[in-house]
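Structure first, then comments.
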Amino acid sequence: MPYLLRWLTLGILLLPMICDGQGKGPPSAVQLYNDLQKLNFLGSALYIAAHPDDENTRLISYLSNEVHAQTAYLSLTRGDGGQNLIGTELRELLGVLRTQELLAARGVDGGQQFFTRANDFGYSKHPDETLRIWDRDAVLSDVVRVIRTFKPDVIVNRFDHRTPGSTHGHHTSSAILSTEAFALAGKSDAYAEQLASLQPWSPERLFYNLSWWSYGSRENFEKADKSRLLPLDVGVYYPERGLSNNEIAAMASSKHRCQGFGRPNVRGSEKEYLEILEGSLPQNGDPFEGIDTSWGRIKGGEAVGAILDPMESAFNFRNPASHLPELLEAYKLLTQLEDSHWKRLKSGQLLELIINISGLYIEASSVEYAANPGETAPIRIEMVNRSEWPVQVRGFQLDAGTQSDSLIPLPENQRILLEGAIAVPEDHEGTDPYWLRESGTQGLYTVSDPSLIGKPQTPPAFYLRVNVDIDGVLLNYVTPVIHRYSEPDKGELVRAFEVLPKVTANFEEQVSIFTSAHSRSLKMVVKSHTQSARGQVRLRVPEGWQSEPASYTLDLSGKGDEQVFQFTLLPPPGDSQGFVTPEISLGDKIYNEELIPIVYEHIPAQIVLLPAAVKVVRLNVKKAGQHIGYVMGAGDQVPENLEAIGYTVHTLSMDALSAEALKKMDAVVLGIRAYNVLDELPFKNDILLKYVKEGGTMIVQYNTSGRGSRDFSNLAPYPLRLSRDRVSDETASVEILEPEHPILNFPNPISAQDFQGWVQERGLYFPDQWDPSYTPLLSMNDPGESGKKGGLLVAPYGSGYYIYTGLSFFRELPAGVPGAFKLLSNMLSIGKAPIPAERGVKG
């Protein structure tokens with residue numbers, strides 16, 4: 001048992017290294033030196049906030065690279081409720097994308113990453129609402145668990161727990177929970193169930209990372225009392241890297257691409273301030289003042305420090321491997337000391353440094369990127385000793401696979417290739433995101449295995465465990481099984497080795513709208529992830545719906561093969577909605593999951609498995625007009641959903657956006673944040689407004705305010721001012737202000753009932769001032785607030801109509817909300833509506 005525990009411990013300690021999705025490049029002498037610096041510092045800091053992009057990468061990088069502390073960021077959510085500037089992934093898929101962007105950022109600034117089970121359900125105006133939806137006690141227990149796991153000496157809050165209602169409710173809640181967890185983590189009667197595998201831990205200090213804008217202006221900040229503040233100059237320059245700390249921080253922040261957080265590099269001195277909340281205020285400018293961060297923190301560790309500390313000042317950049325005898329001696333001493341948190345952590349770091357500084361390369365790569373339970377996966381094992389030191393392998397083992405006790409000499413710079421295999425257990429859970437495997441609530445993901453809570457991603461499926469003898473010192477090295485491959489236009493790439501179900505099913509559409517009682521076809525593609533898949537394919541349909549035929553025979557004979565099935569769905573005569581799901585029978589096992597790849601160049605390829613389903617809606621929605629021009633902005637699925645109710649949608653690129661193209665359109669729609677993300681769009685504005693003036697209909701969906709210098713009011717035909725007003729309560733009452741207006745009557749009558757069943761929010765970034773030419777049609781508000789009337793504004797312009805809307809159609813249409821389809825259809829149809837007698841021609 002102790003031997004097994006040693007393997008498992010080393011696997012856990014090396015996890016940040018081996019799970020880096022992009023894969024670290026060969027370690028340079030500078031990187032090895034930096035790793036040695038961090039090895040010699042026995043202190044840790046935990047930064048806590050609410051979302052991806054909330055973290056202060058300047059401070060995280062400073063703590064990691066200047067102080068050399070073990071530094072981590074705890075993001076309470078995965079950012080699931082935000083928007084996506086680079087693709088169409090939203091909700092759970094966006095959370096997966098942002099998780100990987102955070103891991104990429106930590107790969108730059110040197111930190112680690114943690115999460116809780118909290119689900120980013122969208123904007124919240126007060127922490128009371130946030131903590132109620134999240135399940136306060138559950139998320140607090142997760143924060144306590146992360147503190148007990150990571151054991152930080154110092155905790156830094158990004159937000160102020162004392163100012164509820166002044167910012168996003170998630171922000172304030174992260175600080176509230178951090179403050180409470182700081183006091184609870186060290187108590188043995190708090191979340192005692194965690195103590196079966198963890199120990200109580202009491203951090204020394206709690207800070208609030210404030211900024212000048214916390215005081216309203218720089219002038220106010222300069223005048224403020226700073227007696228409880230610790231200033232840090234985070235603009236330090238690292239000469240061995242040729243980079244300043246702020247440059248590293250900017251590169252890390254720029255990994256948040258789906259949020260548009262690309263930043264220019266910044267150089268020069270820059271101050272960050274930490275307000276002490278708990279513990280003593282350091283007097284010497286060191287957040288770790290009074291905390292033993294030397295090797296003396298480990299009982300008997302002084303002897304290890306006596307070897308490793310002098311190595312920093314005498315580091316051999318030309319030949320780092322010359323330090324190998326000292327490192328091996330330190331490793332022997334360290335492994336003989338009493339077990340402790342810091343011994344386990346530093347043993348893993350020292351082992352990693354030894355492997356890297358010796359130039360030893362050991363890898364286990366699957367022949368194919370995925371296997372399924374019950375399958376045997378061939379594995380290639382590569383070993384290369386790229387040093388002059390005597391190295392041999394005294395046996396290895398693949399989890400659930402090949403093992404050997406043979407002695408394998410590794411001659412200098414000679415590649416050794418071995419063949420192995422893994423028998424994937426029939427009960428393997430898979431490698432998909434662990435927090436998406438079970439149904440959760442609006443505010444909390446369900447995670448049945450407590451050991452996974454806090455982890456950024458699902459651990460690797462299998463490891464290669466090798467007994468390595470370097471100059472007579474035996475090392476137990478653990479590395480995950482990965483898949484290494486190449487593409488002609490990209491070169492060599494690395495991705496995780498996946499365990500997938502034998503078959504998955506994908507529908508062509510997420511929502512299928514039936515505008516009449518006539519039947520429609522529904523196409524489903526079944527893909528095989530095994531060599532042979534034979535069985536039956538059926539659909540489960542809502543009550544009142546019918547599916548024909550009753551079943552099909554599935555017959556796939558090769559991995560990656562696909563079979564297309566076309567069912568006919570017959571809706572009920574009246575309004576109805578529900579979900580159609582697949583049922584694929586292979587023997588006595590049923591499969592019903594959809595495989596969704598997420599592929600971007602800045603993150604490793606991701607595989608997400610979710611229950612396959614298509615929402616079917618029997619809806620008597622009418623429309624006028626046929627051809628819709630759509631200018632895609634930050635990315636949404638509105639075009640597909642417009643086609644679902646019978647429109648022909650023409651996607652217009654900036655090159656294709658011309659007066660001639662617009663003449664063919666019954667209406668033109670700008671996607672979400674189009675003016676924010678399309679630099680050329682303002683230069684096309686005259687073409688768009690001329691189209692409206694000559695009788696066209698133009699719908700502009702929400703753009704953000706306060707980001708960048710673009711003044712949207714200059715781009716509308718009449719002045720309007722965007723604000724940060726939003727209605728985050730999706731159940732908020734909606735008052736119809738102009739019940740006789742064509743948009744609320746033609747071709748579909750709109751009533752308050754059409755705002756039932758909306759998801760996540762009513763809308764966002766509403767205008768708060770506008771020219772009298774605009775008519776506000778709706779009023780809505782969150783509890784305790786005044787009515788917001790800027791969610792839907794319409795103005796005649798020339799012979800046409802200009803409409804600005806902050807309503808979240810980009811969320812409601814993919815969710816199959818009937819009222820959203822009817823309202824948007826009316827907006828698109830206004831150019832065909834009977835003209836009111838009082839309508840004047842303006843512009």
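Numbering starts fresh at 1 for the residues of each chain in the structure tokens, the chains themselves are lettered A, B, ... in the order given, and ligands are numbered from 1 as they appear.
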
Point to revise | Long-range neighbours of Thr458 in chain A as a ChimeraX atom specification, 12 Å cut-off, only C-alpha atoms, 5 positions minimum in chain | key: /A:15,19,21,96,99-100,429-437,447,449,451-453,496-499,606-608

Could those residues be written to a file, using C-alpha atoms, as a short mmCIF file (atom, residue, chain, number, x, y, z; two decimals), in the first residue's frame?
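And here is the file that came out, selection23.cif:
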data_model
loop_
_atom_site.label_atom_id
_atom_site.label_comp_id
_atom_site.auth_asym_id
_atom_site.auth_seq_id
_atom_site.Cartn_x
_atom_site.Cartn_y
_atom_site.Cartn_z
CA LEU A 15 -0.63 16.95 -12.47
CA CYS A 19 -2.12 18.33 -17.77
CA GLY A 21 -3.14 21.22 -22.54
CA VAL A 96 -15.35 24.37 -21.15
CA THR A 99 -11.69 26.69 -18.48
CA GLN A 100 -9.05 25.93 -21.08
CA GLU A 429 -16.32 6.81 -16.62
CA GLY A 430 -14.78 8.51 -19.63
CA THR A 431 -12.71 11.65 -20.01
CA ASP A 432 -15.39 14.24 -20.73
CA PRO A 433 -15.70 17.26 -18.37
CA TYR A 434 -16.56 15.72 -15.02
CA TRP A 435 -18.85 18.57 -13.92
CA LEU A 436 -21.17 18.01 -16.90
CA ARG A 437 -21.80 14.28 -16.34
CA VAL A 447 -20.20 16.30 -8.80
CA ASP A 449 -16.96 12.25 -6.55
CA SER A 451 -12.08 14.14 -4.96
CA LEU A 452 -12.82 15.91 -8.26
CA ILE A 453 -14.25 19.06 -6.70
CA ALA A 496 -5.45 14.22 -24.25
CA PHE A 497 -6.12 10.51 -24.74
CA GLU A 498 -9.91 10.23 -24.62
CA VAL A 499 -12.23 7.46 -23.47
CA GLN A 606 -11.78 19.41 -26.24
CA ILE A 607 -14.43 16.69 -26.37
CA VAL A 608 -17.72 17.36 -24.58
#

Check your understanding: Could you pull the residues within 12 Å of Ala613 in chain A, counting only C-alpha atoms, minus those fewer than 6 positions along the same chain, as a list in words?
Key ->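 Residues near the query, excluding close chain neighbours: Thr504, Ala505, Asn506, Phe507, Glu508, Glu509, Gln510, Val511, Ser512, Leu522, Lys523, Met524, Leu539, Arg540, Val541, Pro542, Gly578, Phe579, Val580, Thr581, Pro582, Glu583, Asn592, Glu593, Glu594, Leu595 and Ala815 of chain A.
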
Point to revise | helix (DSSP H, G or I) residues, from DSSP on the backbone, in range 688-776 of chain A, as a ChimeraX atom specification | key: /A:688-693,712-714,742-744,752-755

Okay, now the selection with C-alpha atoms, as a CSV table (one decimal), in the first residue's frame?
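Everything below was put into again09.csv:
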chain,number,residue,atom,x,y,z
A,688,LEU,CA,-27.0,50.3,-44.0
A,689,LEU,CA,-28.8,53.5,-43.2
A,690,LYS,CA,-29.4,54.3,-46.9
A,691,TYR,CA,-31.0,50.8,-47.1
A,692,VAL,CA,-33.3,51.7,-44.2
A,693,LYS,CA,-34.1,55.1,-45.6
A,712,PHE,CA,-22.3,53.9,-30.8
A,713,SER,CA,-24.7,56.9,-30.6
A,714,ASN,CA,-23.0,58.3,-33.7
A,742,PRO,CA,-47.4,47.0,-35.4
A,743,ILE,CA,-44.5,45.1,-33.9
A,744,LEU,CA,-46.8,44.0,-31.1
A,752,ALA,CA,-47.2,39.4,-21.6
A,753,GLN,CA,-47.7,35.7,-21.9
A,754,ASP,CA,-45.1,35.6,-24.7
A,755,PHE,CA,-42.4,36.5,-22.1

**Study point:** Which of range 275-475 of chain A fall in strand (DSSP E), as a count of residues only
**Key:** 57

Practice item. Return the single residue from A:Pro747, A:Gly79, A:Gly763, A:Gly831 that is closest to Ser728 in chain A, with distances computed using only C-alpha atoms. Key: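 Closest to Ser728 in chain A of all the choices is A:Gly763.
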